[in-house]
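Participant: As input, take run.pdb (PDB, C-alpha atoms):
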ATOM      1  CA  MET A  98       6.007  11.702 -20.403  1.00  0.00           C
ATOM      2  CA  GLU A  99       4.751   8.502 -18.801  1.00  0.00           C
ATOM      3  CA  ALA A 100       7.231   6.261 -17.033  1.00  0.00           C
ATOM      4  CA  ALA A 101       7.665   3.695 -14.302  1.00  0.00           C
ATOM      5  CA  ARG A 102      10.622   3.599 -11.960  1.00  0.00           C
ATOM      6  CA  ARG A 103      11.715   1.849  -8.823  1.00  0.00           C
ATOM      7  CA  ALA A 104      10.215   3.598  -5.848  1.00  0.00           C
ATOM      8  CA  THR A 105      12.350   5.234  -3.193  1.00  0.00           C
ATOM      9  CA  PRO A 106      11.671   5.817   0.500  1.00  0.00           C
ATOM     10  CA  ALA A 107      10.691   9.388  -0.422  1.00  0.00           C
ATOM     11  CA  ASP A 108       7.770   7.977  -2.475  1.00  0.00           C
ATOM     12  CA  VAL A 109       6.157   5.796   0.173  1.00  0.00           C
ATOM     13  CA  ASP A 110       3.593   8.268   1.515  1.00  0.00           C
ATOM     14  CA  VAL A 111       2.244   9.020  -1.969  1.00  0.00           C
ATOM     15  CA  LEU A 112       2.302   5.329  -2.890  1.00  0.00           C
ATOM     16  CA  ALA A 113       0.503   4.350   0.329  1.00  0.00           C
ATOM     17  CA  ALA A 114      -2.205   6.899  -0.515  1.00  0.00           C
ATOM     18  CA  LEU A 115      -2.542   5.349  -3.982  1.00  0.00           C
ATOM     19  CA  VAL A 116      -2.816   1.853  -2.473  1.00  0.00           C
ATOM     20  CA  THR A 117      -5.520   3.182  -0.128  1.00  0.00           C
ATOM     21  CA  ALA A 118      -7.368   4.598  -3.153  1.00  0.00           C
ATOM     22  CA  GLU A 119      -7.002   1.210  -4.867  1.00  0.00           C
ATOM     23  CA  HIS A 120      -8.510  -0.563  -1.851  1.00  0.00           C
ATOM     24  CA  ASP A 121     -11.350   1.976  -1.625  1.00  0.00           C
ATOM     25  CA  GLU A 122     -12.156   1.517  -5.323  1.00  0.00           C
ATOM     26  CA  LEU A 123     -11.972  -2.274  -5.219  1.00  0.00           C
ATOM     27  CA  ALA A 124     -14.036  -2.515  -2.024  1.00  0.00           C
ATOM     28  CA  GLN A 125     -17.015  -1.185  -3.999  1.00  0.00           C
ATOM     29  CA  GLN A 126     -16.798  -3.982  -6.590  1.00  0.00           C
ATOM     30  CA  ARG A 127     -18.236  -7.481  -6.436  1.00  0.00           C
ATOM     31  CA  GLY A 128     -15.897  -9.533  -4.231  1.00  0.00           C
ATOM     32  CA  GLY A 129     -13.903  -6.441  -3.370  1.00  0.00           C
ATOM     33  CA  ALA A 130     -14.611  -6.224   0.342  1.00  0.00           C
ATOM     34  CA  LEU A 131     -13.262  -9.734   0.877  1.00  0.00           C
ATOM     35  CA  TRP A 132     -10.263  -9.047  -1.385  1.00  0.00           C
ATOM     36  CA  VAL A 133      -9.429  -5.899   0.597  1.00  0.00           C
ATOM     37  CA  ALA A 134      -9.774  -7.809   3.877  1.00  0.00           C
ATOM     38  CA  HIS A 135      -7.097 -10.236   2.633  1.00  0.00           C
ATOM     39  CA  ALA A 136      -4.891  -7.619   0.961  1.00  0.00           C
ATOM     40  CA  ALA A 137      -1.681  -6.334   2.448  1.00  0.00           C
ATOM     41  CA  ALA A 138      -2.058  -3.118   4.404  1.00  0.00           C
ATOM     42  CA  ALA A 139      -1.841   0.167   2.538  1.00  0.00           C
ATOM     43  CA  SER A 140       0.892   1.494   4.778  1.00  0.00           C
ATOM     44  CA  PRO A 141       4.215   3.274   4.332  1.00  0.00           C
ATOM     45  CA  GLU A 142       5.755   0.641   6.641  1.00  0.00           C
ATOM     46  CA  ARG A 143       4.741  -2.213   4.335  1.00  0.00           C
ATOM     47  CA  LEU A 144       6.083  -0.374   1.302  1.00  0.00           C
ATOM     48  CA  LEU A 145       9.364   0.440   3.066  1.00  0.00           C
ATOM     49  CA  ALA A 146       9.770  -3.230   3.998  1.00  0.00           C
ATOM     50  CA  ALA A 147       9.143  -4.223   0.375  1.00  0.00           C
ATOM     51  CA  LEU A 148      11.732  -1.699  -0.807  1.00  0.00           C
ATOM     52  CA  ALA A 149      14.309  -3.483   1.356  1.00  0.00           C
ATOM     53  CA  ASP A 150      13.297  -6.979   0.158  1.00  0.00           C
ATOM     54  CA  ALA A 151      15.240  -8.330  -2.842  1.00  0.00           C
ATOM     55  CA  ARG A 152      12.269 -10.604  -3.684  1.00  0.00           C
ATOM     56  CA  ALA A 153       9.786  -7.707  -3.810  1.00  0.00           C
ATOM     57  CA  LEU A 154       9.225  -4.806  -6.149  1.00  0.00           C
ATOM     58  CA  VAL A 155       7.703  -1.388  -5.567  1.00  0.00           C
ATOM     59  CA  LEU A 156       7.211   0.856  -8.577  1.00  0.00           C
ATOM     60  CA  ALA A 157       6.108   4.447  -8.975  1.00  0.00           C
ATOM     61  CA  GLY A 158       4.221   5.274 -12.165  1.00  0.00           C
ATOM     62  CA  THR A 159       4.755   8.862 -13.237  1.00  0.00           C
ATOM     63  CA  ILE A 160       3.796  11.568 -15.696  1.00  0.00           C
ATOM     64  CA  ASP A 161       6.504  14.184 -16.021  1.00  0.00           C
ATOM     65  CA  GLY A 162       7.931  13.001 -12.716  1.00  0.00           C
ATOM     66  CA  VAL A 163       4.655  13.267 -10.763  1.00  0.00           C
ATOM     67  CA  VAL A 164       3.742   9.962  -9.069  1.00  0.00           C
ATOM     68  CA  LEU A 165       0.239   8.916 -10.162  1.00  0.00           C
ATOM     69  CA  GLY A 166       0.502   5.115 -10.146  1.00  0.00           C
ATOM     70  CA  VAL A 167       1.789   2.242  -8.070  1.00  0.00           C
ATOM     71  CA  ALA A 168       2.619  -1.396  -8.613  1.00  0.00           C
ATOM     72  CA  THR A 169       3.896  -3.856  -6.049  1.00  0.00           C
ATOM     73  CA  ALA A 170       4.881  -7.447  -6.656  1.00  0.00           C
ATOM     74  CA  ARG A 171       6.619 -10.265  -4.854  1.00  0.00           C
ATOM     75  CA  VAL A 172       8.110 -13.587  -5.771  1.00  0.00           C
ATOM     76  CA  VAL A 173       6.156 -16.648  -4.667  1.00  0.00           C
ATOM     77  CA  HIS A 174       7.127 -20.258  -5.234  1.00  0.00           C
ATOM     78  CA  ALA A 175       4.623 -22.630  -6.795  1.00  0.00           C
ATOM     79  CA  SER A 176       5.389 -26.270  -6.071  1.00  0.00           C
ATOM     80  CA  GLY A 177       6.508 -28.038  -9.201  1.00  0.00           C
ATOM     81  CA  VAL A 178       6.414 -24.824 -11.242  1.00  0.00           C
ATOM     82  CA  GLY A 179       8.997 -22.450  -9.833  1.00  0.00           C
ATOM     83  CA  ALA A 180       9.049 -18.780  -9.028  1.00  0.00           C
ATOM     84  CA  VAL A 181       6.080 -16.624 -10.016  1.00  0.00           C
ATOM     85  CA  ALA A 182       5.820 -12.850  -9.673  1.00  0.00           C
ATOM     86  CA  MET A 183       2.587 -12.025  -7.871  1.00  0.00           C
ATOM     87  CA  ILE A 184       1.262  -8.510  -8.390  1.00  0.00           C
ATOM     88  CA  ASP A 185      -0.269  -7.359  -5.113  1.00  0.00           C
ATOM     89  CA  ASP A 186      -1.089  -3.751  -5.983  1.00  0.00           C
ATOM     90  CA  PHE A 187      -1.636  -2.177  -9.372  1.00  0.00           C
ATOM     91  CA  PHE A 188      -3.329   1.189  -9.478  1.00  0.00           C
ATOM     92  CA  VAL A 189      -3.292   4.402 -11.472  1.00  0.00           C
ATOM     93  CA  ASP A 190      -5.106   7.527 -10.322  1.00  0.00           C
ATOM     94  CA  ALA A 191      -8.464   7.710 -12.126  1.00  0.00           C
ATOM     95  CA  ASP A 192      -7.608  11.044 -13.768  1.00  0.00           C
ATOM     96  CA  ALA A 193      -4.356   9.618 -15.200  1.00  0.00           C
ATOM     97  CA  ARG A 194      -5.650   6.381 -16.707  1.00  0.00           C
ATOM     98  CA  GLU A 195      -5.344   5.356 -20.344  1.00  0.00           C
ATOM     99  CA  VAL A 196      -2.299   7.505 -21.062  1.00  0.00           C
ATOM    100  CA  GLY A 197       0.441   4.908 -20.581  1.00  0.00           C
ATOM    101  CA  ILE A 198       1.307   4.752 -16.890  1.00  0.00           C
ATOM    102  CA  GLY A 199      -0.183   1.266 -16.514  1.00  0.00           C
ATOM    103  CA  ALA A 200       1.674   0.038 -19.600  1.00  0.00           C
ATOM    104  CA  ALA A 201       4.939   1.364 -18.186  1.00  0.00           C
ATOM    105  CA  LEU A 202       4.250  -0.286 -14.817  1.00  0.00           C
ATOM    106  CA  ILE A 203       3.402  -3.706 -16.256  1.00  0.00           C
ATOM    107  CA  ALA A 204       6.442  -3.613 -18.550  1.00  0.00           C
ATOM    108  CA  GLU A 205       8.688  -3.024 -15.521  1.00  0.00           C
ATOM    109  CA  VAL A 206       7.010  -5.850 -13.563  1.00  0.00           C
ATOM    110  CA  VAL A 207       7.549  -8.254 -16.472  1.00  0.00           C
ATOM    111  CA  THR A 208      11.192  -7.220 -16.889  1.00  0.00           C
ATOM    112  CA  TRP A 209      11.831  -7.585 -13.148  1.00  0.00           C
ATOM    113  CA  SER A 210      10.183 -11.011 -13.029  1.00  0.00           C
ATOM    114  CA  ARG A 211      12.159 -12.216 -16.052  1.00  0.00           C
ATOM    115  CA  ASP A 212      15.405 -10.924 -14.519  1.00  0.00           C
ATOM    116  CA  LEU A 213      14.671 -12.920 -11.347  1.00  0.00           C
ATOM    117  CA  GLY A 214      14.019 -16.102 -13.306  1.00  0.00           C
ATOM    118  CA  CYS A 215      10.276 -16.236 -12.672  1.00  0.00           C
ATOM    119  CA  VAL A 216       8.208 -18.481 -14.929  1.00  0.00           C
ATOM    120  CA  GLY A 217       5.330 -16.006 -15.058  1.00  0.00           C
ATOM    121  CA  VAL A 218       3.424 -13.075 -13.621  1.00  0.00           C
ATOM    122  CA  ASP A 219       0.074 -13.386 -11.804  1.00  0.00           C
ATOM    123  CA  ALA A 220      -2.440 -10.687 -10.895  1.00  0.00           C
ATOM    124  CA  THR A 221      -5.935 -10.788  -9.436  1.00  0.00           C
ATOM    125  CA  VAL A 222      -8.858  -9.129 -11.193  1.00  0.00           C
ATOM    126  CA  LEU A 223     -12.238  -8.929  -9.490  1.00  0.00           C
ATOM    127  CA  PRO A 224     -15.312 -10.318 -11.253  1.00  0.00           C
ATOM    128  CA  GLY A 225     -16.943  -7.732 -13.461  1.00  0.00           C
ATOM    129  CA  ASN A 226     -13.874  -5.484 -13.635  1.00  0.00           C
ATOM    130  CA  ARG A 227     -13.745  -5.627 -17.417  1.00  0.00           C
ATOM    131  CA  ALA A 228     -11.337  -2.680 -17.723  1.00  0.00           C
ATOM    132  CA  ALA A 229      -8.708  -4.375 -15.537  1.00  0.00           C
ATOM    133  CA  LYS A 230      -9.179  -7.722 -17.285  1.00  0.00           C
ATOM    134  CA  ASN A 231      -8.857  -6.090 -20.701  1.00  0.00           C
ATOM    135  CA  PHE A 232      -5.778  -4.145 -19.590  1.00  0.00           C
ATOM    136  CA  PHE A 233      -3.967  -7.225 -18.336  1.00  0.00           C
ATOM    137  CA  GLU A 234      -4.962  -9.285 -21.387  1.00  0.00           C
ATOM    138  CA  ALA A 235      -3.680  -6.523 -23.674  1.00  0.00           C
ATOM    139  CA  HIS A 236      -0.333  -6.937 -21.922  1.00  0.00           C
ATOM    140  CA  GLY A 237      -0.176 -10.721 -22.280  1.00  0.00           C
ATOM    141  CA  LEU A 238      -1.709 -11.920 -19.011  1.00  0.00           C
ATOM    142  CA  VAL A 239      -4.567 -14.388 -19.458  1.00  0.00           C
ATOM    143  CA  ALA A 240      -7.023 -15.924 -17.023  1.00  0.00           C
ATOM    144  CA  ARG A 241      -5.842 -19.297 -15.749  1.00  0.00           C
ATOM    145  CA  ALA A 242      -8.026 -19.685 -12.679  1.00  0.00           C
ATOM    146  CA  ILE A 243     -11.280 -18.449 -11.224  1.00  0.00           C
ATOM    147  CA  THR A 244     -11.700 -18.154  -7.469  1.00  0.00           C
ATOM    148  CA  VAL A 245     -15.219 -18.852  -6.288  1.00  0.00           C
ATOM    149  CA  HIS A 246     -16.635 -18.042  -2.873  1.00  0.00           C
ATOM    150  CA  ARG A 247     -19.760 -18.798  -0.882  1.00  0.00           C
ATOM    151  CA  ARG A 248     -20.627 -16.865   2.224  1.00  0.00           C
ATOM    152  CA  VAL A 249     -21.759 -19.176   5.016  1.00  0.00           C
ATOM    153  CA  ASP A 250     -22.393 -16.678   7.779  1.00  0.00           C
ATOM    154  CA  ALA A 251     -23.822 -13.210   8.176  1.00  0.00           C
ATOM    155  CA  SER A 252     -20.460 -11.502   7.714  1.00  0.00           C
ATOM    156  CA  PRO A 253     -20.623  -8.260   5.716  1.00  0.00           C
ATOM    157  CA  LEU A 254     -17.742  -9.373   3.485  1.00  0.00           C
ATOM    158  CA  SER A 255     -18.606 -10.908   0.160  1.00  0.00           C
TER     159      SER A 255
END
Kindly return the structure encoded in the file as structure tokens.
Facilitator:
Amino acid sequence: MEAARRATPADVDVLAALVTAEHDELAQQRGGALWVAHAAAASPERLLAALADARALVLAGTIDGVVLGVATARVVHASGVGAVAMIDDFFVDADAREVGIGAALIAEVVTWSRDLGCVGVDATVLPGNRAAKNFFEAHGLVARAITVHRRVDASPLS
């Protein structure tokens, strides 16, 4: 059975490995290398710190108790708008996709954000990642901004 639950310190090594897999997968996509360069580190230490932060969320997505997905979010404050839950990591192992783990994770993020009084939930989807865009739209998130970028040096990030 698919489920999402609050992560525990015992989960952090598995979750850090999933975040690393997320970064590896996204780095191969258009805009991914730059996104990964800006992303929070895929480390057990970062996840442990988030577990201790009342304004952060770390979730483990499971099938029959086996951790195969991760979601992390934090509360940010938008001037004139209020609190917004920002999803930083959202990843399900490729072999466990499309069976309900992602749906369980996003439902928990939405519940958590509502309980904290957030006005909304934001997530970043890279250009061309139709599956992620479709997933988030199916769960009520819609595009409200597009980030554009122009490389001005010979840096390998794009």
Participant: Tell me which of A:Ala153, A:Ala101, A:Leu145, A:Ala139 sits closest to Gly197 in chain A, counting only C-alpha atoms.
Facilitator: A:Ala101
Participant: Suppose a student applies the PyMOL selection byres ((chain A and resi 106) around 10) to this structure; what residues should they get, written as number ranges by chain?
Facilitator: A: 104-105, 107-110, 112, 141-142, 144-146, 148-149
Participant: For Val216 in chain A, which of A:Val178, A:His246, A:Ala168, A:Ile203 is the closest residue, counting all atoms listed in the file?
Facilitator: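 Nearest candidate to Val216 in chain A out of A:Val178, A:His246, A:Ala168, A:Ile203: A:Val178.
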Participant: When distances are computed from all atoms listed in the file, which of A:Ala170, A:Ala251, A:Ala134, A:Leu213 shows the smallest separation from Ile184 in chain A?
Facilitator: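 Of the candidates, the smallest distance to Ile184 in chain A is held by A:Ala170.
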Participant: Would you list the contacts of Ala100 in chain A as a PyMOL selection string, taking every protein, DNA or RNA residue within 8 Å and counting all atoms listed in the file, but skipping same-chain residues closer than 2 positions in sequence?
Facilitator: chain A and resi 98+102+158-160+197-198+201-202
Participant: For CA of Val164 in chain A and CA of Ala204 in chain A, quote the distance in Å rounded to one decimal.
Facilitator: 16.8 Å
Participant: Just to confirm, what's the straight-line distance from CA of Ile243 in chain A to CA of Arg152 in chain A in Å (one decimal)?
Facilitator: 25.9 Å
Participant: Output the residue selection produced by the PyMOL selection byres ((chain A and resi 179) around 12) on the file above, formatted as a list of chain:residue names.
Facilitator: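 Applied to this file, the PyMOL selection byres ((chain A and resi 179) around 12) selects A:Val172, A:Val173, A:His174, A:Ala175, A:Ser176, A:Gly177, A:Val178, A:Ala180, A:Val181, A:Ala182, A:Ser210, A:Leu213, A:Gly214, A:Cys215, A:Val216, A:Gly217, A:Val218.
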Participant: Interatomic distance between CA of Val189 in chain A and CA of Asp219 in chain A?
Facilitator: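 Result for CA of Val189 in chain A versus CA of Asp219 in chain A: 18.1 Å, one decimal.
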Participant: Given the choices A:Leu131, A:Phe233, A:Val155, A:Ser140, which gets closest to Gly199 in chain A if the distance is worked out from all atoms listed in the file?
Facilitator: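 With all atoms listed in the file as the atom set, the closest residue is A:Phe233.
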Participant: Between A:Glu195, A:Asp190, A:Glu99, A:Asp150, which has the minimum distance to Val167 in chain A (counting all atoms listed in the file)?
Facilitator: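 Of the candidates, the smallest distance to Val167 in chain A is held by A:Asp190.
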Participant: Please determine, counting all atoms listed in the file, which residue among A:Glu122, A:Asp192, A:Glu205, A:Asp212 has the shortest atom-to-atom distance to Leu156 in chain A.
Facilitator: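 Comparing A:Glu122, A:Asp192, A:Glu205, A:Asp212 against Leu156 in chain A, the winner is A:Glu205.
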Participant: Name every residue that the PyMOL selection byres ((chain A and resi 224) around 12) selects in this structure, writing the answer as a compact mmCIF listing (two decimals) with C-alpha atoms, in the frame of the given file with chains first and numbers rising.
Facilitator:
# COMPACT_ATOMS: atom_id res chain seq x y z
CA LEU A 123 -11.97 -2.27 -5.22
CA GLN A 125 -17.02 -1.18 -4.00
CA GLN A 126 -16.80 -3.98 -6.59
CA ARG A 127 -18.24 -7.48 -6.44
CA GLY A 128 -15.90 -9.53 -4.23
CA GLY A 129 -13.90 -6.44 -3.37
CA TRP A 132 -10.26 -9.05 -1.38
CA THR A 221 -5.94 -10.79 -9.44
CA VAL A 222 -8.86 -9.13 -11.19
CA LEU A 223 -12.24 -8.93 -9.49
CA GLY A 225 -16.94 -7.73 -13.46
CA ASN A 226 -13.87 -5.48 -13.64
CA ARG A 227 -13.74 -5.63 -17.42
CA ALA A 228 -11.34 -2.68 -17.72
CA ALA A 229 -8.71 -4.38 -15.54
CA LYS A 230 -9.18 -7.72 -17.28
CA ALA A 240 -7.02 -15.92 -17.02
CA ALA A 242 -8.03 -19.68 -12.68
CA ILE A 243 -11.28 -18.45 -11.22
CA THR A 244 -11.70 -18.15 -7.47
CA VAL A 245 -15.22 -18.85 -6.29
CA HIS A 246 -16.64 -18.04 -2.87
CA SER A 255 -18.61 -10.91 0.16
